[in-house]
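Here's the structure we're looking at; comments come further down.
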Amino acid sequence: MNKSTGLDLVFSSYESLGPWKYVLTIFIFLVYSVATLANIFIMLVIYLESSLHKPMYIFLFNLICSGLLGSSAVWPKVLSNLLTDWHTSSYEGCLLQIYLLSIYAVCTYSTLTVMAYDRYVSICKPLQYHIIMNPSKIRMWLMLSNLVPVFSVAGQIYLTSRIPLCSRTLNKLFCDNLSIINISCGVGSLGILSNVYGLLIIVCLSVLPTFLIVLSYVKIISVSLKMSKNSQSKALGTCLPHLIIFINYSIATVFSVIYNRLTVLMSSEMNVFISFQVTLLPPLLHPVIYGVRTKEIRKCTVKITQRLCASTNCYYTSKLKAPKILAIS
């Protein structure tokens, strides 16, 4: 299959699900819907409340956007495949899915790194915080954390698209770059270049950010040990949501690496489980963790909810009173 354009790829993992696919469809639909609505609600809270227009919450907004991008690139297509007997994707659609998923993966690490730096400056250099994290610096960090993944991943997808395929069957629920490489016609110079470029992306945009995040927390812990108990608890309160998300996402990434290397040896049930861990659970946990653990977001959520309830009550009250006013007039 030297010409891959116009080719339909087949996902073999769906075939062995049997009647469980209907249960799986309902579960995925519910979790994906709840995760999407919860993330959109947190984004609205951050957007509407001026008290949340701070670096940490602006970066959280960006993190939620990348999570929605990753989950929306996968699960609507998976649901479509579960509801039909055709478990396929066009080659171009597969490359687009890989591109969006890779942006989600890299952008999440870059945003988590910027958030860790924000927490480091806030705790270790509190007097200089507003000088260092000024609006122009925030815009710069946002541009870097988004544009670097977009352009670096585009190079990877271009190299992958140039490799001819010798098969069209993927033992997956959705597309990923390594699966396409595995069904290509030998390694060749282009395949080697693609692998080297992919390894470079992993080192520069996953391993290095992980090292920087860990280094930031080592510095934060060393400074926190010299603080009072009250200051330590405040520092922990601001860092804990970010730390939980970082650990959860790192575990999901490790699962993803194992998943991509051992796909052929895995059952369809394990395929489904690891797919959830990689692309469905992390976006769901972002609003839950920040909504529950962050005091400012909790307060703003309650305030907006009360405001909405009050406006709804006023609307219905005016509707009920309207006939009486007309009768008097």
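Following the order of the structure tokens, chains are lettered A, B, ..., residues in each are numbered from 1, and ligands are numbered from 1.
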Item to complete: Please provide the set of residues having any atom within 12 Å of Val106 (chain A), restricted to only C-alpha atoms, with same-chain residues fewer than 2 positions apart removed, written as a PyMOL selection string.
Response: chain A and resi 63+66-67+69-70+99-104+108-113+144-154+198+201-210+249-250+253
Discussion item. Using only C-alpha atoms, which protein or nucleic acid residues come within 12 Å of Ile132 (chain A)? Drop anything in the same chain fewer than 3 positions from it, and give the result as a PyMOL selection string.
Written reply: chain A and resi 55+117-122+125-129+135-138+140-141
Worksheet item: How many Å lie between CA of Thr88 (chain A) and CA of Phe255 (chain A), rounded to one decimal?
Response: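 Computed distance, CA of Thr88 (chain A) to CA of Phe255 (chain A), equals 24.5 Å.
For the atom pair formed by CA of Thr25 (chain A) and CA of Val74 (chain A), the distance is 13.3 Å, given to one decimal.
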Apply DSSP to the backbone of this structure and, from region 78-309 of chain A, keep only the residues in alpha helix (DSSP H); write these as a short mmCIF file (atom, residue, chain, number, x, y, z; two decimals) with C-alpha atoms, in the first residue's frame.
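Printed below is selection.cif as written:
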```
data_model
loop_
_atom_site.label_atom_id
_atom_site.label_comp_id
_atom_site.auth_asym_id
_atom_site.auth_seq_id
_atom_site.Cartn_x
_atom_site.Cartn_y
_atom_site.Cartn_z
CA VAL A 78 -15.03 5.86 19.60
CA LEU A 79 -18.75 6.26 20.39
CA SER A 80 -19.50 6.35 16.68
CA ASN A 81 -17.56 3.12 16.13
CA LEU A 82 -19.31 1.44 19.08
CA LEU A 83 -22.75 2.33 17.72
CA TYR A 91 -6.17 7.58 6.98
CA GLU A 92 -6.42 11.39 6.92
CA GLY A 93 -8.85 11.31 9.87
CA CYS A 94 -6.46 9.05 11.74
CA LEU A 95 -3.56 11.47 11.21
CA LEU A 96 -5.74 14.36 12.40
CA GLN A 97 -6.66 12.40 15.54
CA ILE A 98 -2.99 11.65 16.22
CA TYR A 99 -2.15 15.34 15.73
CA LEU A 100 -4.82 16.56 18.17
CA LEU A 101 -3.98 13.86 20.73
CA SER A 102 -0.27 14.69 20.55
CA ILE A 103 -0.96 18.41 21.00
CA TYR A 104 -3.06 17.53 24.08
CA ALA A 105 -0.27 15.38 25.52
CA VAL A 106 2.54 17.89 24.94
CA CYS A 107 0.48 20.98 25.77
CA THR A 108 -0.58 19.42 29.09
CA TYR A 109 3.05 18.94 30.11
CA SER A 110 4.05 22.45 29.01
CA THR A 111 1.11 24.02 30.87
CA LEU A 112 1.80 21.99 34.02
CA THR A 113 5.42 23.19 33.85
CA VAL A 114 4.35 26.84 33.62
CA MET A 115 1.92 26.29 36.54
CA ALA A 116 4.73 24.75 38.60
CA TYR A 117 6.91 27.79 37.85
CA ASP A 118 4.04 30.07 38.91
CA ARG A 119 3.74 28.22 42.24
CA TYR A 120 7.54 28.37 42.70
CA VAL A 121 7.63 32.16 42.21
CA SER A 122 4.54 32.63 44.42
CA ILE A 123 6.03 30.71 47.37
CA CYS A 124 9.79 31.22 47.00
CA TYR A 129 5.73 37.70 42.19
CA HIS A 130 3.81 40.52 40.48
CA ILE A 131 6.99 41.77 38.81
CA ILE A 132 7.96 38.34 37.46
CA PRO A 135 0.70 40.32 32.02
CA SER A 136 3.32 40.33 29.25
CA LYS A 137 5.13 37.35 30.83
CA ILE A 138 1.82 35.48 31.19
CA ARG A 139 1.05 36.03 27.50
CA MET A 140 4.55 34.86 26.59
CA TRP A 141 4.22 31.64 28.66
CA LEU A 142 0.79 30.94 27.16
CA MET A 143 2.07 31.41 23.63
CA LEU A 144 5.08 29.17 24.24
CA SER A 145 3.07 26.44 25.98
CA ASN A 146 0.62 26.30 23.03
CA LEU A 147 2.60 27.16 19.91
CA VAL A 148 5.62 24.95 20.63
CA PRO A 149 3.43 21.79 20.83
CA VAL A 150 1.41 22.81 17.74
CA PHE A 151 4.45 23.27 15.48
CA SER A 152 6.66 20.51 16.91
CA VAL A 153 3.88 17.91 16.62
CA ALA A 154 3.08 19.09 13.06
CA GLY A 155 6.61 18.05 12.06
CA GLN A 156 6.06 14.58 13.52
CA ILE A 157 2.74 14.14 11.70
CA TYR A 158 4.30 15.25 8.42
CA LEU A 159 7.05 12.62 8.72
CA THR A 160 4.52 9.92 9.66
CA SER A 161 2.29 10.79 6.70
CA ASN A 177 1.53 7.51 16.03
CA LEU A 178 3.37 4.31 17.03
CA SER A 179 0.54 2.12 15.70
CA ILE A 180 0.87 3.78 12.28
CA ILE A 181 4.64 3.25 12.37
CA ASN A 182 4.10 -0.42 13.28
CA GLY A 188 13.76 2.84 6.17
CA SER A 189 15.48 6.23 6.40
CA LEU A 190 12.15 8.08 6.74
CA GLY A 191 11.02 5.76 9.54
CA ILE A 192 14.31 6.23 11.39
CA LEU A 193 14.02 10.02 11.00
CA SER A 194 10.45 9.88 12.32
CA ASN A 195 11.52 7.79 15.33
CA VAL A 196 14.46 10.11 16.12
CA TYR A 197 12.23 13.19 15.81
CA GLY A 198 9.58 11.57 18.04
CA LEU A 199 12.24 10.69 20.63
CA LEU A 200 13.47 14.29 20.55
CA ILE A 201 9.93 15.55 21.20
CA ILE A 202 9.52 13.15 24.13
CA LEU A 208 12.49 17.91 30.49
CA PRO A 209 9.18 19.44 31.73
CA THR A 210 8.85 16.58 34.24
CA PHE A 211 12.36 17.32 35.52
CA LEU A 212 11.57 21.05 35.80
CA ILE A 213 8.32 20.38 37.68
CA VAL A 214 10.07 18.06 40.14
CA LEU A 215 12.87 20.63 40.58
CA SER A 216 10.28 23.36 41.28
CA TYR A 217 8.69 21.26 44.01
CA VAL A 218 12.06 20.42 45.55
CA LYS A 219 12.70 24.17 45.82
CA ILE A 220 9.18 24.79 47.16
CA ILE A 221 9.56 22.08 49.83
CA SER A 222 12.98 23.37 50.91
CA VAL A 223 11.58 26.91 51.33
CA SER A 224 8.38 25.68 53.00
CA LYS A 229 3.00 25.90 60.23
CA ASN A 230 0.28 28.26 58.98
CA SER A 231 2.37 29.31 55.96
CA GLN A 232 3.19 25.67 55.22
CA SER A 233 -0.49 24.72 55.16
CA LYS A 234 -1.27 27.65 52.81
CA ALA A 235 1.59 26.65 50.50
CA LEU A 236 0.39 23.05 50.49
CA GLY A 237 -3.17 24.17 49.76
CA THR A 238 -2.12 26.11 46.67
CA CYS A 239 0.21 23.38 45.36
CA LEU A 240 -1.78 20.23 46.11
CA PRO A 241 -4.32 20.43 43.21
CA HIS A 242 -1.53 20.98 40.68
CA LEU A 243 0.56 18.19 42.22
CA ILE A 244 -2.35 15.71 42.12
CA ILE A 245 -3.02 16.49 38.45
CA PHE A 246 0.70 16.20 37.60
CA ILE A 247 1.04 12.81 39.34
CA ASN A 248 -2.17 11.51 37.77
CA TYR A 249 -1.14 12.65 34.30
CA SER A 250 2.37 11.21 34.69
CA ILE A 251 0.89 7.83 35.67
CA ALA A 252 -1.42 8.05 32.64
CA THR A 253 1.60 8.79 30.42
CA VAL A 254 3.48 5.76 31.76
CA PHE A 255 0.39 3.64 31.08
CA SER A 256 0.30 5.11 27.56
CA VAL A 257 3.93 4.15 26.88
CA ILE A 258 3.31 0.58 28.10
CA TYR A 259 0.06 0.49 26.13
CA ASN A 260 1.76 1.52 22.87
CA ARG A 261 4.58 -1.00 23.28
CA SER A 268 -9.54 -5.84 24.30
CA GLU A 269 -10.57 -5.27 27.95
CA MET A 270 -7.06 -4.04 28.83
CA ASN A 271 -7.08 -1.87 25.70
CA VAL A 272 -10.28 -0.22 26.89
CA PHE A 273 -9.00 0.28 30.46
CA ILE A 274 -5.74 1.93 29.43
CA SER A 275 -7.55 4.09 26.84
CA LEU A 281 -9.88 10.30 33.26
CA PRO A 282 -7.31 13.18 33.30
CA PRO A 283 -9.73 15.75 31.74
CA LEU A 284 -12.47 14.58 34.13
CA LEU A 285 -10.26 15.08 37.18
CA HIS A 286 -9.21 18.68 36.40
CA PRO A 287 -12.52 20.34 37.42
CA VAL A 288 -13.10 17.87 40.26
CA ILE A 289 -9.69 18.46 41.86
CA TYR A 290 -9.63 22.24 41.39
CA GLY A 291 -13.32 22.61 42.21
CA VAL A 292 -13.00 20.68 45.48
CA ARG A 293 -9.48 21.60 46.59
CA LYS A 295 -11.09 27.64 48.01
CA GLU A 296 -11.37 30.57 45.56
CA ILE A 297 -13.00 28.46 42.84
CA ARG A 298 -15.41 26.95 45.40
CA LYS A 299 -16.45 30.43 46.56
CA CYS A 300 -16.88 31.73 43.01
CA THR A 301 -18.83 28.61 41.99
CA VAL A 302 -21.24 29.12 44.90
CA LYS A 303 -21.55 32.84 44.07
CA ILE A 304 -22.37 32.18 40.40
CA THR A 305 -24.81 29.39 41.30
CA GLN A 306 -26.61 31.67 43.76
CA ARG A 307 -26.69 34.45 41.16
CA LEU A 308 -28.20 32.10 38.58
CA CYS A 309 -30.77 30.81 41.08
#
```
Worksheet item: What lies within 6 Å of region 5-18 of chain A using only C-alpha atoms, ignoring chain neighbours under 5 positions off, as an MDAnalysis selection string?
Response: chainID A and resid 87:91 168:173 268
Write out the residues from the selection above, keeping all heavy atoms, as an mmCIF file, in the first residue's frame.
```cif
data_model
loop_
_atom_site.group_PDB
_atom_site.id
_atom_site.type_symbol
_atom_site.label_atom_id
_atom_site.label_comp_id
_atom_site.auth_asym_id
_atom_site.auth_seq_id
_atom_site.Cartn_x
_atom_site.Cartn_y
_atom_site.Cartn_z
ATOM 1 N N HIS A 87 -16.017 -0.334 12.094
ATOM 2 C CA HIS A 87 -15.016 0.174 13.042
ATOM 3 C C HIS A 87 -13.802 0.667 12.265
ATOM 4 O O HIS A 87 -12.711 0.105 12.340
ATOM 5 C CB HIS A 87 -14.632 -0.921 14.026
ATOM 6 C CG HIS A 87 -15.799 -1.626 14.634
ATOM 7 N ND1 HIS A 87 -15.863 -2.998 14.796
ATOM 8 C CD2 HIS A 87 -16.985 -1.141 15.094
ATOM 9 C CE1 HIS A 87 -17.027 -3.324 15.342
ATOM 10 N NE2 HIS A 87 -17.721 -2.214 15.534
ATOM 11 N N THR A 88 -14.024 1.742 11.524
ATOM 12 C CA THR A 88 -12.969 2.230 10.635
ATOM 13 C C THR A 88 -12.748 3.729 10.807
ATOM 14 O O THR A 88 -13.530 4.429 11.430
ATOM 15 C CB THR A 88 -13.337 1.964 9.158
ATOM 16 O OG1 THR A 88 -14.543 2.660 8.835
ATOM 17 C CG2 THR A 88 -13.515 0.469 8.901
ATOM 18 N N SER A 89 -11.646 4.172 10.210
ATOM 19 C CA SER A 89 -11.344 5.608 10.133
ATOM 20 C C SER A 89 -10.542 5.836 8.862
ATOM 21 O O SER A 89 -9.721 4.992 8.482
ATOM 22 C CB SER A 89 -10.546 6.059 11.350
ATOM 23 O OG SER A 89 -10.098 7.395 11.193
ATOM 24 N N SER A 90 -10.775 6.944 8.218
ATOM 25 C CA SER A 90 -9.945 7.283 7.058
ATOM 26 C C SER A 90 -8.519 7.556 7.529
ATOM 27 O O SER A 90 -8.291 7.929 8.686
ATOM 28 C CB SER A 90 -10.509 8.514 6.346
ATOM 29 O OG SER A 90 -10.393 9.658 7.178
ATOM 30 N N TYR A 91 -7.571 7.358 6.624
ATOM 31 C CA TYR A 91 -6.167 7.581 6.982
ATOM 32 C C TYR A 91 -5.931 9.041 7.363
ATOM 33 O O TYR A 91 -5.230 9.343 8.329
ATOM 34 C CB TYR A 91 -5.274 7.184 5.809
ATOM 35 C CG TYR A 91 -3.806 7.349 6.090
ATOM 36 C CD1 TYR A 91 -3.176 6.599 7.081
ATOM 37 C CD2 TYR A 91 -3.035 8.262 5.359
ATOM 38 C CE1 TYR A 91 -1.817 6.753 7.348
ATOM 39 C CE2 TYR A 91 -1.683 8.414 5.615
ATOM 40 C CZ TYR A 91 -1.083 7.663 6.613
ATOM 41 O OH TYR A 91 0.260 7.815 6.878
ATOM 42 N N ARG A 168 -3.615 -2.338 7.137
ATOM 43 C CA ARG A 168 -4.600 -1.322 7.507
ATOM 44 C C ARG A 168 -5.370 -1.690 8.776
ATOM 45 O O ARG A 168 -6.426 -1.143 9.063
ATOM 46 C CB ARG A 168 -5.573 -1.076 6.349
ATOM 47 C CG ARG A 168 -6.464 -2.239 5.980
ATOM 48 C CD ARG A 168 -7.196 -1.966 4.686
ATOM 49 N NE ARG A 168 -8.228 -2.966 4.434
ATOM 50 C CZ ARG A 168 -9.517 -2.807 4.722
ATOM 51 N NH1 ARG A 168 -9.928 -1.677 5.271
ATOM 52 N NH2 ARG A 168 -10.394 -3.750 4.458
ATOM 53 N N THR A 169 -4.835 -2.614 9.562
ATOM 54 C CA THR A 169 -5.498 -3.068 10.787
ATOM 55 C C THR A 169 -4.731 -2.581 12.015
ATOM 56 O O THR A 169 -3.521 -2.824 12.138
ATOM 57 C CB THR A 169 -5.598 -4.607 10.822
ATOM 58 O OG1 THR A 169 -6.293 -5.047 9.659
ATOM 59 C CG2 THR A 169 -6.346 -5.065 12.070
ATOM 60 N N LEU A 170 -5.447 -1.897 12.909
ATOM 61 C CA LEU A 170 -4.873 -1.411 14.160
ATOM 62 C C LEU A 170 -5.556 -2.113 15.331
ATOM 63 O O LEU A 170 -6.788 -2.129 15.406
ATOM 64 C CB LEU A 170 -5.071 0.103 14.304
ATOM 65 C CG LEU A 170 -4.466 1.003 13.227
ATOM 66 C CD1 LEU A 170 -4.893 2.438 13.446
ATOM 67 C CD2 LEU A 170 -2.958 0.890 13.211
ATOM 68 N N ASN A 171 -4.760 -2.664 16.235
ATOM 69 C CA ASN A 171 -5.323 -3.327 17.418
ATOM 70 C C ASN A 171 -5.549 -2.290 18.524
ATOM 71 O O ASN A 171 -4.977 -2.351 19.605
ATOM 72 C CB ASN A 171 -4.378 -4.437 17.896
ATOM 73 C CG ASN A 171 -4.973 -5.231 19.053
ATOM 74 O OD1 ASN A 171 -6.183 -5.441 19.119
ATOM 75 N ND2 ASN A 171 -4.125 -5.654 19.987
ATOM 76 N N LYS A 172 -6.376 -1.302 18.206
ATOM 77 C CA LYS A 172 -6.618 -0.173 19.109
ATOM 78 C C LYS A 172 -8.080 0.242 19.045
ATOM 79 O O LYS A 172 -8.832 -0.200 18.174
ATOM 80 C CB LYS A 172 -5.746 1.022 18.692
ATOM 81 C CG LYS A 172 -4.254 0.866 18.915
ATOM 82 C CD LYS A 172 -3.909 0.922 20.376
ATOM 83 C CE LYS A 172 -2.415 0.879 20.622
ATOM 84 N NZ LYS A 172 -1.761 2.145 20.364
ATOM 85 N N LEU A 173 -8.456 1.138 19.984
ATOM 86 C CA LEU A 173 -9.766 1.780 19.914
ATOM 87 C C LEU A 173 -9.697 3.065 19.098
ATOM 88 O O LEU A 173 -10.701 3.540 18.578
ATOM 89 C CB LEU A 173 -10.280 2.105 21.322
ATOM 90 C CG LEU A 173 -10.666 0.932 22.221
ATOM 91 C CD1 LEU A 173 -11.053 1.447 23.601
ATOM 92 C CD2 LEU A 173 -11.798 0.121 21.619
ATOM 93 N N SER A 268 -8.736 -7.024 24.609
ATOM 94 C CA SER A 268 -9.544 -5.841 24.303
ATOM 95 C C SER A 268 -9.957 -5.117 25.579
ATOM 96 O O SER A 268 -10.057 -3.892 25.608
ATOM 97 C CB SER A 268 -10.788 -6.251 23.507
ATOM 98 O OG SER A 268 -11.573 -7.176 24.239
#
```
Fill in: CA of Lys77 (chain A) to CA of Cys175 (chain A), straight-line distance in Å
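So the answer is 10.4 Å.
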Worksheet entry | Best match for closeness to Leu165 (chain A) among A:Leu24, A:Ser311, A:Thr294, A:Ser184, counting only C-alpha atoms |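 Checking each candidate against Leu165 (chain A), we get A:Ser184 as the closest.
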